[in-house]
file run.cif (mmCIF, C-alpha atoms)
data_structure
#
loop_
_atom_site.group_PDB
_atom_site.id
_atom_site.type_symbol
_atom_site.label_atom_id
_atom_site.label_comp_id
_atom_site.auth_asym_id
_atom_site.auth_seq_id
_atom_site.Cartn_x
_atom_site.Cartn_y
_atom_site.Cartn_z
ATOM 1 C CA MET A 1486 18.015 -1.916 -38.918
ATOM 2 C CA THR A 1487 17.165 -4.132 -35.931
ATOM 3 C CA ARG A 1488 13.563 -3.743 -34.810
ATOM 4 C CA GLN A 1489 13.044 -2.591 -31.234
ATOM 5 C CA PHE A 1490 10.639 -4.900 -29.434
ATOM 6 C CA SER A 1491 8.020 -3.300 -27.199
ATOM 7 C CA LEU A 1492 7.953 -4.325 -23.564
ATOM 8 C CA LEU A 1493 4.747 -6.263 -24.125
ATOM 9 C CA GLU A 1494 6.419 -8.359 -26.804
ATOM 10 C CA ARG A 1495 9.234 -9.280 -24.431
ATOM 11 C CA LEU A 1496 6.943 -10.668 -21.734
ATOM 12 C CA PRO A 1497 5.923 -14.314 -21.339
ATOM 13 C CA ALA A 1498 2.443 -15.531 -22.228
ATOM 14 C CA VAL A 1499 -0.014 -15.403 -19.336
ATOM 15 C CA ARG A 1500 -3.512 -16.582 -18.495
ATOM 16 C CA GLY A 1501 -4.273 -13.292 -16.789
ATOM 17 C CA ARG A 1502 -4.346 -9.855 -18.427
ATOM 18 C CA LEU A 1503 -1.524 -7.640 -19.734
ATOM 19 C CA THR A 1504 -2.442 -4.017 -20.553
ATOM 20 C CA GLU A 1505 -0.189 -1.327 -22.022
ATOM 21 C CA GLY A 1506 -0.451 2.260 -20.769
ATOM 22 C CA ALA A 1507 -2.986 1.393 -18.059
ATOM 23 C CA SER A 1508 -4.160 4.291 -15.906
ATOM 24 C CA LEU A 1509 -3.057 4.053 -12.286
ATOM 25 C CA ALA A 1510 -4.675 7.275 -11.062
ATOM 26 C CA LYS A 1511 -7.991 5.434 -11.144
ATOM 27 C CA VAL A 1512 -6.807 2.813 -8.647
ATOM 28 C CA THR A 1513 -4.934 4.947 -6.107
ATOM 29 C CA TRP A 1514 -6.688 6.735 -3.269
ATOM 30 C CA PHE A 1515 -5.015 10.044 -4.119
ATOM 31 C CA ARG A 1516 -6.453 9.746 -7.672
ATOM 32 C CA VAL A 1517 -3.239 11.094 -9.196
ATOM 33 C CA GLY A 1518 -0.259 9.723 -11.123
ATOM 34 C CA GLY A 1519 0.769 8.517 -14.549
ATOM 35 C CA PRO A 1520 0.135 5.141 -16.190
ATOM 36 C CA ALA A 1521 1.858 1.785 -15.957
ATOM 37 C CA GLU A 1522 3.979 0.904 -18.970
ATOM 38 C CA VAL A 1523 2.369 -2.548 -18.683
ATOM 39 C CA LEU A 1524 -0.149 -3.630 -16.053
ATOM 40 C CA PHE A 1525 -0.367 -7.358 -15.245
ATOM 41 C CA LYS A 1526 -3.308 -8.910 -13.425
ATOM 42 C CA PRO A 1527 -2.434 -12.599 -12.849
ATOM 43 C CA ALA A 1528 -5.130 -15.252 -13.000
ATOM 44 C CA ASP A 1529 -3.828 -17.023 -9.889
ATOM 45 C CA VAL A 1530 -0.649 -17.867 -7.974
ATOM 46 C CA ALA A 1531 0.548 -20.338 -10.625
ATOM 47 C CA ASP A 1532 0.099 -17.693 -13.355
ATOM 48 C CA LEU A 1533 2.069 -15.157 -11.340
ATOM 49 C CA GLN A 1534 4.784 -17.697 -10.575
ATOM 50 C CA ALA A 1535 5.193 -18.620 -14.255
ATOM 51 C CA PHE A 1536 5.286 -14.958 -15.267
ATOM 52 C CA LEU A 1537 8.025 -14.126 -12.785
ATOM 53 C CA ALA A 1538 10.049 -17.154 -13.853
ATOM 54 C CA GLY A 1539 9.826 -16.158 -17.526
ATOM 55 C CA CYS A 1540 10.074 -12.373 -17.245
ATOM 56 C CA PRO A 1541 13.432 -10.943 -18.401
ATOM 57 C CA GLN A 1542 15.507 -9.974 -15.385
ATOM 58 C CA ASP A 1543 16.169 -6.470 -16.745
ATOM 59 C CA VAL A 1544 12.448 -5.622 -16.694
ATOM 60 C CA ALA A 1545 11.457 -3.575 -13.640
ATOM 61 C CA ILE A 1546 8.552 -5.022 -11.655
ATOM 62 C CA THR A 1547 6.436 -2.981 -9.238
ATOM 63 C CA MET A 1548 3.793 -4.389 -6.910
ATOM 64 C CA LEU A 1549 0.556 -2.425 -6.449
ATOM 65 C CA GLY A 1550 -2.144 -3.127 -3.870
ATOM 66 C CA VAL A 1551 -5.241 -0.962 -3.548
ATOM 67 C CA GLY A 1552 -3.155 2.215 -3.588
ATOM 68 C CA SER A 1553 -4.265 3.363 -0.132
ATOM 69 C CA ASN A 1554 -0.815 4.350 1.123
ATOM 70 C CA LEU A 1555 0.808 5.136 -2.219
ATOM 71 C CA LEU A 1556 1.736 8.097 -4.391
ATOM 72 C CA VAL A 1557 2.367 7.344 -8.078
ATOM 73 C CA ARG A 1558 4.393 10.108 -9.696
ATOM 74 C CA ASP A 1559 3.020 11.924 -12.753
ATOM 75 C CA GLY A 1560 5.351 10.302 -15.291
ATOM 76 C CA GLY A 1561 4.013 6.842 -14.520
ATOM 77 C CA ILE A 1562 5.814 3.585 -13.712
ATOM 78 C CA PRO A 1563 8.251 2.060 -16.235
ATOM 79 C CA GLY A 1564 8.271 -1.713 -16.553
ATOM 80 C CA VAL A 1565 5.545 -4.042 -15.326
ATOM 81 C CA VAL A 1566 3.105 -3.167 -12.551
ATOM 82 C CA ILE A 1567 1.471 -6.201 -10.952
ATOM 83 C CA ARG A 1568 -1.931 -5.879 -9.324
ATOM 84 C CA LEU A 1569 -3.482 -8.911 -7.652
ATOM 85 C CA GLY A 1570 -7.168 -9.594 -8.200
ATOM 86 C CA ARG A 1571 -10.007 -11.749 -6.924
ATOM 87 C CA ALA A 1572 -8.025 -14.998 -6.949
ATOM 88 C CA PHE A 1573 -5.788 -13.524 -4.247
ATOM 89 C CA ALA A 1574 -8.601 -12.118 -2.100
ATOM 90 C CA GLU A 1575 -10.002 -15.321 -0.579
ATOM 91 C CA ILE A 1576 -10.514 -15.376 3.200
ATOM 92 C CA ARG A 1577 -11.231 -18.474 5.264
ATOM 93 C CA THR A 1578 -11.212 -19.266 8.966
ATOM 94 C CA GLU A 1579 -10.261 -22.367 10.912
ATOM 95 C CA GLY A 1580 -10.590 -22.346 14.680
ATOM 96 C CA THR A 1581 -9.043 -19.071 15.810
ATOM 97 C CA HIS A 1582 -6.907 -18.702 12.687
ATOM 98 C CA VAL A 1583 -7.652 -16.661 9.571
ATOM 99 C CA TYR A 1584 -6.126 -17.422 6.174
ATOM 100 C CA ALA A 1585 -6.221 -14.464 3.808
ATOM 101 C CA GLY A 1586 -4.961 -13.848 0.298
ATOM 102 C CA ALA A 1587 -2.615 -10.916 -0.211
ATOM 103 C CA ALA A 1588 -5.307 -8.925 -2.043
ATOM 104 C CA ALA A 1589 -7.871 -9.367 0.748
ATOM 105 C CA LEU A 1590 -8.835 -6.017 2.243
ATOM 106 C CA ASP A 1591 -7.821 -5.605 5.881
ATOM 107 C CA LEU A 1592 -11.386 -4.559 6.692
ATOM 108 C CA ASN A 1593 -12.803 -7.729 5.124
ATOM 109 C CA VAL A 1594 -10.397 -9.862 7.170
ATOM 110 C CA ALA A 1595 -11.607 -8.147 10.351
ATOM 111 C CA LEU A 1596 -15.226 -8.757 9.343
ATOM 112 C CA ALA A 1597 -14.563 -12.425 8.524
ATOM 113 C CA ALA A 1598 -12.938 -12.829 11.925
ATOM 114 C CA ARG A 1599 -15.989 -11.266 13.582
ATOM 115 C CA ALA A 1600 -18.306 -13.644 11.730
ATOM 116 C CA ALA A 1601 -16.234 -16.585 12.991
ATOM 117 C CA GLY A 1602 -16.099 -15.316 16.574
ATOM 118 C CA ILE A 1603 -12.373 -14.587 16.398
ATOM 119 C CA GLY A 1604 -11.189 -11.649 18.482
ATOM 120 C CA GLY A 1605 -7.931 -9.732 18.315
ATOM 121 C CA LEU A 1606 -8.093 -8.762 14.644
ATOM 122 C CA GLU A 1607 -10.447 -5.806 15.017
ATOM 123 C CA PHE A 1608 -7.589 -3.324 14.569
ATOM 124 C CA LEU A 1609 -7.362 -4.355 10.904
ATOM 125 C CA SER A 1610 -10.696 -2.622 10.262
ATOM 126 C CA GLY A 1611 -8.936 0.694 10.827
ATOM 127 C CA ILE A 1612 -6.217 0.079 8.241
ATOM 128 C CA PRO A 1613 -7.167 0.988 4.653
ATOM 129 C CA GLY A 1614 -5.190 -1.540 2.659
ATOM 130 C CA THR A 1615 -4.624 -5.214 1.898
ATOM 131 C CA ILE A 1616 -3.045 -8.081 3.804
ATOM 132 C CA GLY A 1617 -0.125 -8.088 1.366
ATOM 133 C CA GLY A 1618 0.573 -4.456 2.145
ATOM 134 C CA ALA A 1619 0.118 -5.106 5.852
ATOM 135 C CA CYS A 1620 2.767 -7.834 5.672
ATOM 136 C CA ARG A 1621 5.141 -5.576 3.775
ATOM 137 C CA MET A 1622 5.002 -2.701 6.271
ATOM 138 C CA ASN A 1623 3.850 -4.381 9.497
ATOM 139 C CA ALA A 1624 0.724 -2.253 9.359
ATOM 140 C CA GLY A 1625 -0.805 -1.299 12.659
ATOM 141 C CA ALA A 1626 -3.431 0.891 14.319
ATOM 142 C CA TYR A 1627 -5.562 1.163 17.427
ATOM 143 C CA GLY A 1628 -3.189 -0.635 19.763
ATOM 144 C CA SER A 1629 -1.994 -3.528 17.646
ATOM 145 C CA ASP A 1630 -0.097 -4.427 14.488
ATOM 146 C CA LEU A 1631 0.311 -7.346 12.126
ATOM 147 C CA ALA A 1632 3.323 -8.730 13.983
ATOM 148 C CA ALA A 1633 1.100 -9.287 17.027
ATOM 149 C CA VAL A 1634 -1.220 -11.680 15.151
ATOM 150 C CA PHE A 1635 1.096 -13.032 12.446
ATOM 151 C CA VAL A 1636 1.650 -16.781 12.068
ATOM 152 C CA GLY A 1637 3.062 -17.226 8.555
ATOM 153 C CA ALA A 1638 2.983 -16.058 4.949
ATOM 154 C CA THR A 1639 3.858 -17.160 1.442
ATOM 155 C CA ALA A 1640 5.726 -14.995 -1.038
ATOM 156 C CA LEU A 1641 7.243 -15.305 -4.499
ATOM 157 C CA ASP A 1642 10.716 -13.984 -5.219
ATOM 158 C CA ARG A 1643 11.762 -12.257 -8.453
ATOM 159 C CA LYS A 1644 12.444 -15.604 -10.145
ATOM 160 C CA GLY A 1645 9.099 -17.100 -9.174
ATOM 161 C CA VAL A 1646 10.364 -19.295 -6.332
ATOM 162 C CA LEU A 1647 7.785 -19.759 -3.575
ATOM 163 C CA HIS A 1648 8.919 -19.049 0.000
ATOM 164 C CA ARG A 1649 7.152 -19.833 3.256
ATOM 165 C CA LEU A 1650 7.877 -17.327 5.988
ATOM 166 C CA ASP A 1651 7.373 -17.605 9.734
ATOM 167 C CA LYS A 1652 7.380 -14.649 12.101
ATOM 168 C CA ASP A 1653 11.155 -14.730 12.584
ATOM 169 C CA GLY A 1654 11.630 -14.756 8.815
ATOM 170 C CA MET A 1655 9.601 -11.569 8.450
ATOM 171 C CA GLY A 1656 11.950 -9.462 10.563
ATOM 172 C CA PHE A 1657 9.159 -7.188 11.766
ATOM 173 C CA THR A 1658 9.976 -3.789 13.238
ATOM 174 C CA TYR A 1659 7.820 -0.671 13.545
ATOM 175 C CA ARG A 1660 6.009 -0.189 10.198
ATOM 176 C CA HIS A 1661 8.568 -2.387 8.434
ATOM 177 C CA SER A 1662 9.422 -5.957 7.515
ATOM 178 C CA ALA A 1663 12.821 -7.258 6.422
ATOM 179 C CA VAL A 1664 11.460 -9.282 3.489
ATOM 180 C CA PRO A 1665 13.256 -8.337 0.241
ATOM 181 C CA ASP A 1666 11.528 -5.501 -1.583
ATOM 182 C CA ASP A 1667 11.078 -7.506 -4.786
ATOM 183 C CA TRP A 1668 9.235 -10.405 -3.150
ATOM 184 C CA ILE A 1669 5.473 -10.535 -3.727
ATOM 185 C CA PHE A 1670 3.230 -11.761 -0.925
ATOM 186 C CA CYS A 1671 0.564 -14.288 -1.918
ATOM 187 C CA GLY A 1672 -1.209 -14.753 1.395
ATOM 188 C CA ALA A 1673 -0.879 -14.913 5.171
ATOM 189 C CA GLU A 1674 -2.094 -16.828 8.207
ATOM 190 C CA LEU A 1675 -3.141 -14.784 11.238
ATOM 191 C CA ALA A 1676 -4.142 -15.913 14.732
ATOM 192 C CA GLY A 1677 -6.659 -14.354 17.072
ATOM 193 C CA GLN A 1678 -8.495 -15.819 20.026
ATOM 194 C CA ALA A 1679 -12.012 -17.006 20.697
ATOM 195 C CA GLY A 1680 -14.113 -13.942 21.371
ATOM 196 C CA ASP A 1681 -17.616 -12.801 22.185
ATOM 197 C CA ALA A 1682 -19.447 -11.625 19.056
ATOM 198 C CA ALA A 1683 -20.992 -8.617 20.795
ATOM 199 C CA ALA A 1684 -17.642 -7.505 22.225
ATOM 200 C CA ILE A 1685 -15.950 -7.872 18.844
ATOM 201 C CA GLN A 1686 -18.686 -5.813 17.162
ATOM 202 C CA GLN A 1687 -18.440 -3.138 19.844
ATOM 203 C CA ARG A 1688 -14.696 -2.821 19.229
ATOM 204 C CA LEU A 1689 -15.271 -2.573 15.467
ATOM 205 C CA ASN A 1690 -17.827 0.188 16.077
ATOM 206 C CA GLU A 1691 -15.389 2.065 18.326
ATOM 207 C CA ILE A 1692 -12.643 1.943 15.696
ATOM 208 C CA GLN A 1693 -14.990 3.135 12.953
ATOM 209 C CA ALA A 1694 -16.206 6.018 15.091
ATOM 210 C CA ALA A 1695 -12.654 7.005 16.044
ATOM 211 C CA ARG A 1696 -11.548 7.043 12.403
ATOM 212 C CA GLU A 1697 -14.479 9.130 11.235
ATOM 213 C CA GLU A 1698 -14.026 11.599 14.073
ATOM 214 C CA SER A 1699 -10.290 12.146 13.695
ATOM 215 C CA GLN A 1700 -9.380 11.380 10.067
ATOM 216 C CA PRO A 1701 -10.440 12.746 6.661
ATOM 217 C CA VAL A 1702 -11.743 9.309 5.640
ATOM 218 C CA ARG A 1703 -13.889 10.609 2.781
ATOM 219 C CA ALA A 1704 -11.148 12.716 1.184
ATOM 220 C CA ARG A 1705 -8.696 11.799 -1.587
ATOM 221 C CA THR A 1706 -5.780 10.961 0.643
ATOM 222 C CA GLY A 1707 -3.037 8.395 1.122
ATOM 223 C CA GLY A 1708 -3.482 7.811 4.828
ATOM 224 C CA SER A 1709 -0.795 8.640 7.377
ATOM 225 C CA THR A 1710 1.916 10.547 5.541
ATOM 226 C CA PHE A 1711 4.829 10.364 7.972
ATOM 227 C CA VAL A 1712 6.034 7.720 10.411
ATOM 228 C CA ASN A 1713 5.695 8.649 14.073
ATOM 229 C CA PRO A 1714 9.186 9.392 15.431
ATOM 230 C CA VAL A 1715 10.346 7.540 18.549
ATOM 231 C CA GLY A 1716 8.495 8.959 21.524
ATOM 232 C CA GLY A 1717 6.467 11.421 19.480
ATOM 233 C CA LYS A 1718 3.524 11.966 17.137
ATOM 234 C CA ALA A 1719 4.054 13.119 13.567
ATOM 235 C CA TRP A 1720 0.806 15.091 13.512
ATOM 236 C CA GLN A 1721 1.819 17.112 16.566
ATOM 237 C CA LEU A 1722 5.149 18.049 15.001
ATOM 238 C CA VAL A 1723 3.398 19.062 11.772
ATOM 239 C CA ASP A 1724 0.899 21.132 13.715
ATOM 240 C CA GLN A 1725 3.585 22.805 15.816
ATOM 241 C CA ALA A 1726 5.423 23.717 12.607
ATOM 242 C CA GLY A 1727 2.363 25.673 11.478
ATOM 243 C CA CYS A 1728 1.521 23.351 8.593
ATOM 244 C CA ARG A 1729 -2.107 22.523 9.351
ATOM 245 C CA GLY A 1730 -4.116 23.600 6.285
ATOM 246 C CA LEU A 1731 -0.983 24.423 4.272
ATOM 247 C CA THR A 1732 -1.640 24.238 0.498
ATOM 248 C CA LEU A 1733 0.305 23.920 -2.725
ATOM 249 C CA GLY A 1734 -1.748 23.948 -5.912
ATOM 250 C CA GLY A 1735 -4.445 21.319 -5.415
ATOM 251 C CA ALA A 1736 -2.638 19.631 -2.520
ATOM 252 C CA MET A 1737 -3.382 20.412 1.131
ATOM 253 C CA VAL A 1738 -2.376 19.357 4.620
ATOM 254 C CA SER A 1739 -5.615 18.195 6.216
ATOM 255 C CA GLU A 1740 -7.237 20.558 8.691
ATOM 256 C CA LYS A 1741 -8.800 17.576 10.458
ATOM 257 C CA HIS A 1742 -5.642 15.482 10.885
ATOM 258 C CA CYS A 1743 -2.428 17.139 9.807
ATOM 259 C CA ASN A 1744 -0.521 13.901 9.212
ATOM 260 C CA PHE A 1745 -2.741 13.464 6.159
ATOM 261 C CA LEU A 1746 -2.165 15.087 2.765
ATOM 262 C CA ILE A 1747 -5.232 15.638 0.581
ATOM 263 C CA ASN A 1748 -5.937 16.026 -3.105
ATOM 264 C CA THR A 1749 -8.592 18.735 -3.026
ATOM 265 C CA GLY A 1750 -9.663 17.848 -6.561
ATOM 266 C CA ASN A 1751 -7.073 18.821 -9.150
ATOM 267 C CA ALA A 1752 -3.697 18.160 -7.506
ATOM 268 C CA THR A 1753 -0.792 16.570 -9.321
ATOM 269 C CA ALA A 1754 1.421 13.956 -7.724
ATOM 270 C CA ALA A 1755 4.270 16.483 -7.900
ATOM 271 C CA GLU A 1756 2.273 18.996 -5.854
ATOM 272 C CA ILE A 1757 1.446 16.405 -3.204
ATOM 273 C CA GLU A 1758 5.035 15.204 -2.919
ATOM 274 C CA THR A 1759 6.461 18.734 -2.914
ATOM 275 C CA LEU A 1760 4.004 19.767 -0.202
ATOM 276 C CA GLY A 1761 5.111 16.778 1.853
ATOM 277 C CA GLU A 1762 8.745 17.830 1.494
ATOM 278 C CA MET A 1763 7.814 21.378 2.521
ATOM 279 C CA VAL A 1764 6.239 19.976 5.675
ATOM 280 C CA ARG A 1765 9.300 17.831 6.424
ATOM 281 C CA ARG A 1766 11.562 20.865 6.023
ATOM 282 C CA ARG A 1767 9.465 23.047 8.345
ATOM 283 C CA VAL A 1768 9.284 20.310 10.979
ATOM 284 C CA LYS A 1769 13.056 19.907 10.822
ATOM 285 C CA GLU A 1770 13.524 23.666 11.230
ATOM 286 C CA THR A 1771 11.160 23.960 14.205
ATOM 287 C CA SER A 1772 11.849 20.714 16.090
ATOM 288 C CA GLY A 1773 15.122 19.343 14.788
ATOM 289 C CA ILE A 1774 13.310 16.083 13.933
ATOM 290 C CA GLU A 1775 13.447 14.708 10.402
ATOM 291 C CA LEU A 1776 10.163 12.989 9.597
ATOM 292 C CA ALA A 1777 10.298 9.845 7.461
ATOM 293 C CA TRP A 1778 7.712 9.220 4.754
ATOM 294 C CA GLU A 1779 5.211 6.466 5.554
ATOM 295 C CA ILE A 1780 3.484 6.861 2.190
ATOM 296 C CA LYS A 1781 5.354 4.973 -0.509
ATOM 297 C CA ARG A 1782 6.272 7.145 -3.504
ATOM 298 C CA ILE A 1783 6.975 5.326 -6.768
ATOM 299 C CA GLY A 1784 7.358 6.028 -10.478
ATOM 300 C CA VAL A 1785 9.042 8.883 -12.341
ATOM 301 C CA PRO A 1786 8.272 12.619 -12.594
ATOM 302 C CA ALA A 1787 6.400 13.938 -15.621
ATOM 303 C CA ASP A 1788 9.556 15.549 -17.013
ATOM 304 C CA SER A 1789 11.671 12.404 -16.674
ATOM 305 C CA PRO A 1790 13.074 10.830 -19.886
ATOM 306 C CA LEU A 1791 11.405 7.620 -18.696
ATOM 307 C CA ALA A 1792 7.964 9.223 -18.376
ATOM 308 C CA ILE A 1793 5.298 7.102 -20.005
ATOM 309 C CA ALA A 1794 2.787 8.604 -22.421
ATOM 310 C CA ALA A 1795 -0.732 7.476 -21.589
ATOM 311 C CA LYS A 1796 -2.510 5.734 -24.425
ATOM 312 C CA SER A 1797 -5.852 7.023 -25.592
ATOM 313 C CA GLU A 1798 -8.746 5.088 -24.089
ATOM 314 C CA ALA A 1799 -11.247 6.412 -26.584
#

call {"tool": "encode", "arguments": {"input": "run.cif", "output": "structure tokens"}}
result
Amino acid sequence: MTRQFSLLERLPAVRGRLTEGASLAKVTWFRVGGPAEVLFKPADVADLQAFLAGCPQDVAITMLGVGSNLLVRDGGIPGVVIRLGRAFAEIRTEGTHVYAGAAALDLNVALAARAAGIGGLEFLSGIPGTIGGACRMNAGAYGSDLAAVFVGATALDRKGVLHRLDKDGMGFTYRHSAVPDDWIFCGAELAGQAGDAAAIQQRLNEIQAAREESQPVRARTGGSTFVNPVGGKAWQLVDQAGCRGLTLGGAMVSEKHCNFLINTGNATAAEIETLGEMVRRRVKETSGIELAWEIKRIGVPADSPLAIAAKSEA
């Protein structure tokens, strides 16, 4: 009988770390979801490039940032999940430009810009995610978005080929870029303008205060759940549909900002996703508008044949 090779045995050697059955609930803001079949943390760009070049093409690869706008389903994620670490989080400034690795937190980029006297990037402090994620979805808040400050980026395709992208190559639209879904961003160059340190700090303070006043920033949430429809606000439609405070198991529509779903403590990913679909259905019934998910939902349900059994960590 031919021996079945495990996924780990089929993967190329790396300098980083490969872990079977790694918990993903611990690294997502919702604190829910099943494990990764294999989690890969590359040592650096060259390690990631070599891995992609040598990884069998039939192996599914999923990119994971800091899990701030993500729902991992309860059955986990088959294949390889890649999570970038410290080597991809470097931030440096030159003149009015900021160079940031894909794993750099948006907040840290805004703070580095402040320290260098670079204005125009303050809005990033209000986006809970990484620069890689911001590139992927043209993240925006508080009057600006990544497209407004974007200069260029580097990304690896599924075969490990490095691509350099300018603004036209990104194909930015509202909360979206046209870069292929299987490309992995390595870093980006952003441009601000020379600014007054006190004015920059004041804007950062205003954004922080606005977030804390209007959003459940200390809750287990995934950020804005639905994309604002053209000419409207998702939260208003959710509120008008009577969904503020709506619950399902341990999942709840935030009372503070009803475009946020919350894990009140013991929710499953299935409860959160089902609650979101309930909200979408009620909004459609009351307004005729079909809300689109802004939160990315990945992985398989717990009852799927592909569901991954978590390994004991004892």

call {"tool": "residues_near_point", "arguments": {"input": "run.cif", "point": "(11.3, -12.3, -8.0)", "cutoff": "9 Å", "atoms": "only C-alpha atoms", "output": "ChimeraX atom specification"}}
result
/A:1534,1537-1538,1542,1546,1641-1646,1667-1669

call {"tool": "closest_residue", "arguments": {"input": "run.cif", "among": "A:Ala1673, A:Leu1549, A:Ile1692, A:Ile1616", "to": "Val1565 of chain A", "atoms": "only C-alpha atoms"}}
result
A:Leu1549

call {"tool": "resolve_selection", "arguments": {"input": "run.cif", "expression": "the PyMOL selection byres ((chain A and resi 1652-1655) around 9)", "output": "PDB file with C-alpha atoms, in the coordinates of the input"}}
result
ATOM      1  CA  CYS A1620       2.767  -7.834   5.672  1.00  0.00           C
ATOM      2  CA  ARG A1621       5.141  -5.576   3.775  1.00  0.00           C
ATOM      3  CA  ALA A1632       3.323  -8.730  13.983  1.00  0.00           C
ATOM      4  CA  PHE A1635       1.096 -13.032  12.446  1.00  0.00           C
ATOM      5  CA  VAL A1636       1.650 -16.781  12.068  1.00  0.00           C
ATOM      6  CA  GLY A1637       3.062 -17.226   8.555  1.00  0.00           C
ATOM      7  CA  ALA A1638       2.983 -16.058   4.949  1.00  0.00           C
ATOM      8  CA  ARG A1649       7.152 -19.833   3.256  1.00  0.00           C
ATOM      9  CA  LEU A1650       7.877 -17.327   5.988  1.00  0.00           C
ATOM     10  CA  ASP A1651       7.373 -17.605   9.734  1.00  0.00           C
ATOM     11  CA  GLY A1656      11.950  -9.462  10.563  1.00  0.00           C
ATOM     12  CA  PHE A1657       9.159  -7.188  11.766  1.00  0.00           C
ATOM     13  CA  SER A1662       9.422  -5.957   7.515  1.00  0.00           C
ATOM     14  CA  ALA A1663      12.821  -7.258   6.422  1.00  0.00           C
ATOM     15  CA  VAL A1664      11.460  -9.282   3.489  1.00  0.00           C
TER      16      VAL A1664
END

call {"tool": "resolve_selection", "arguments": {"input": "run.cif", "expression": "the PyMOL selection byres ((chain A and resi 1776) around 8)", "output": "ChimeraX atom specification"}}
result
/A:1711-1714,1719,1765,1768-1769,1774-1775,1777-1778

call {"tool": "closest_residue", "arguments": {"input": "run.cif", "among": "A:Val1517, A:Leu1760, A:Val1523, A:Ala1510", "to": "Ser1491 of chain A", "atoms": "all atoms listed in the file"}}
result
A:Val1523

call {"tool": "residues_near_point", "arguments": {"input": "run.cif", "point": "(-8.5, 12.1, -2.7)", "cutoff": "9 Å", "atoms": "only C-alpha atoms", "output": "list in words"}}
result
Thr1513, Trp1514, Phe1515, Arg1516, Val1517, Arg1703, Ala1704, Arg1705, Thr1706, Gly1707, Leu1746, Ile1747, Asn1748, Thr1749 and Gly1750 of chain A

call {"tool": "decode", "arguments": {"input": "run.cif", "residues": "segment 1497-1519 of chain A", "atoms": "C-alpha atoms", "output": "mmCIF file, in the first residue's frame"}}
result
data_model
loop_
_atom_site.group_PDB
_atom_site.id
_atom_site.type_symbol
_atom_site.label_atom_id
_atom_site.label_comp_id
_atom_site.auth_asym_id
_atom_site.auth_seq_id
_atom_site.Cartn_x
_atom_site.Cartn_y
_atom_site.Cartn_z
ATOM 1 C CA PRO A 1497 9.963 22.560 0.858
ATOM 2 C CA ALA A 1498 12.577 23.145 3.543
ATOM 3 C CA VAL A 1499 12.479 26.631 5.046
ATOM 4 C CA ARG A 1500 14.539 28.812 7.356
ATOM 5 C CA GLY A 1501 11.403 30.061 9.065
ATOM 6 C CA ARG A 1502 8.906 27.963 11.031
ATOM 7 C CA LEU A 1503 6.326 25.398 9.873
ATOM 8 C CA THR A 1504 3.725 24.311 12.461
ATOM 9 C CA GLU A 1505 0.983 21.707 12.043
ATOM 10 C CA GLY A 1506 -2.458 22.315 13.559
ATOM 11 C CA ALA A 1507 -1.596 25.836 14.733
ATOM 12 C CA SER A 1508 -4.371 27.708 16.522
ATOM 13 C CA LEU A 1509 -5.669 30.714 14.609
ATOM 14 C CA ALA A 1510 -8.285 31.823 17.144
ATOM 15 C CA LYS A 1511 -5.428 33.208 19.222
ATOM 16 C CA VAL A 1512 -4.318 35.575 16.451
ATOM 17 C CA THR A 1513 -7.653 36.899 15.174
ATOM 18 C CA TRP A 1514 -9.450 39.798 16.813
ATOM 19 C CA PHE A 1515 -12.713 37.854 17.026
ATOM 20 C CA ARG A 1516 -10.842 35.120 18.976
ATOM 21 C CA VAL A 1517 -12.737 32.376 17.147
ATOM 22 C CA GLY A 1518 -12.033 29.823 14.415
ATOM 23 C CA GLY A 1519 -10.303 26.525 13.800
#
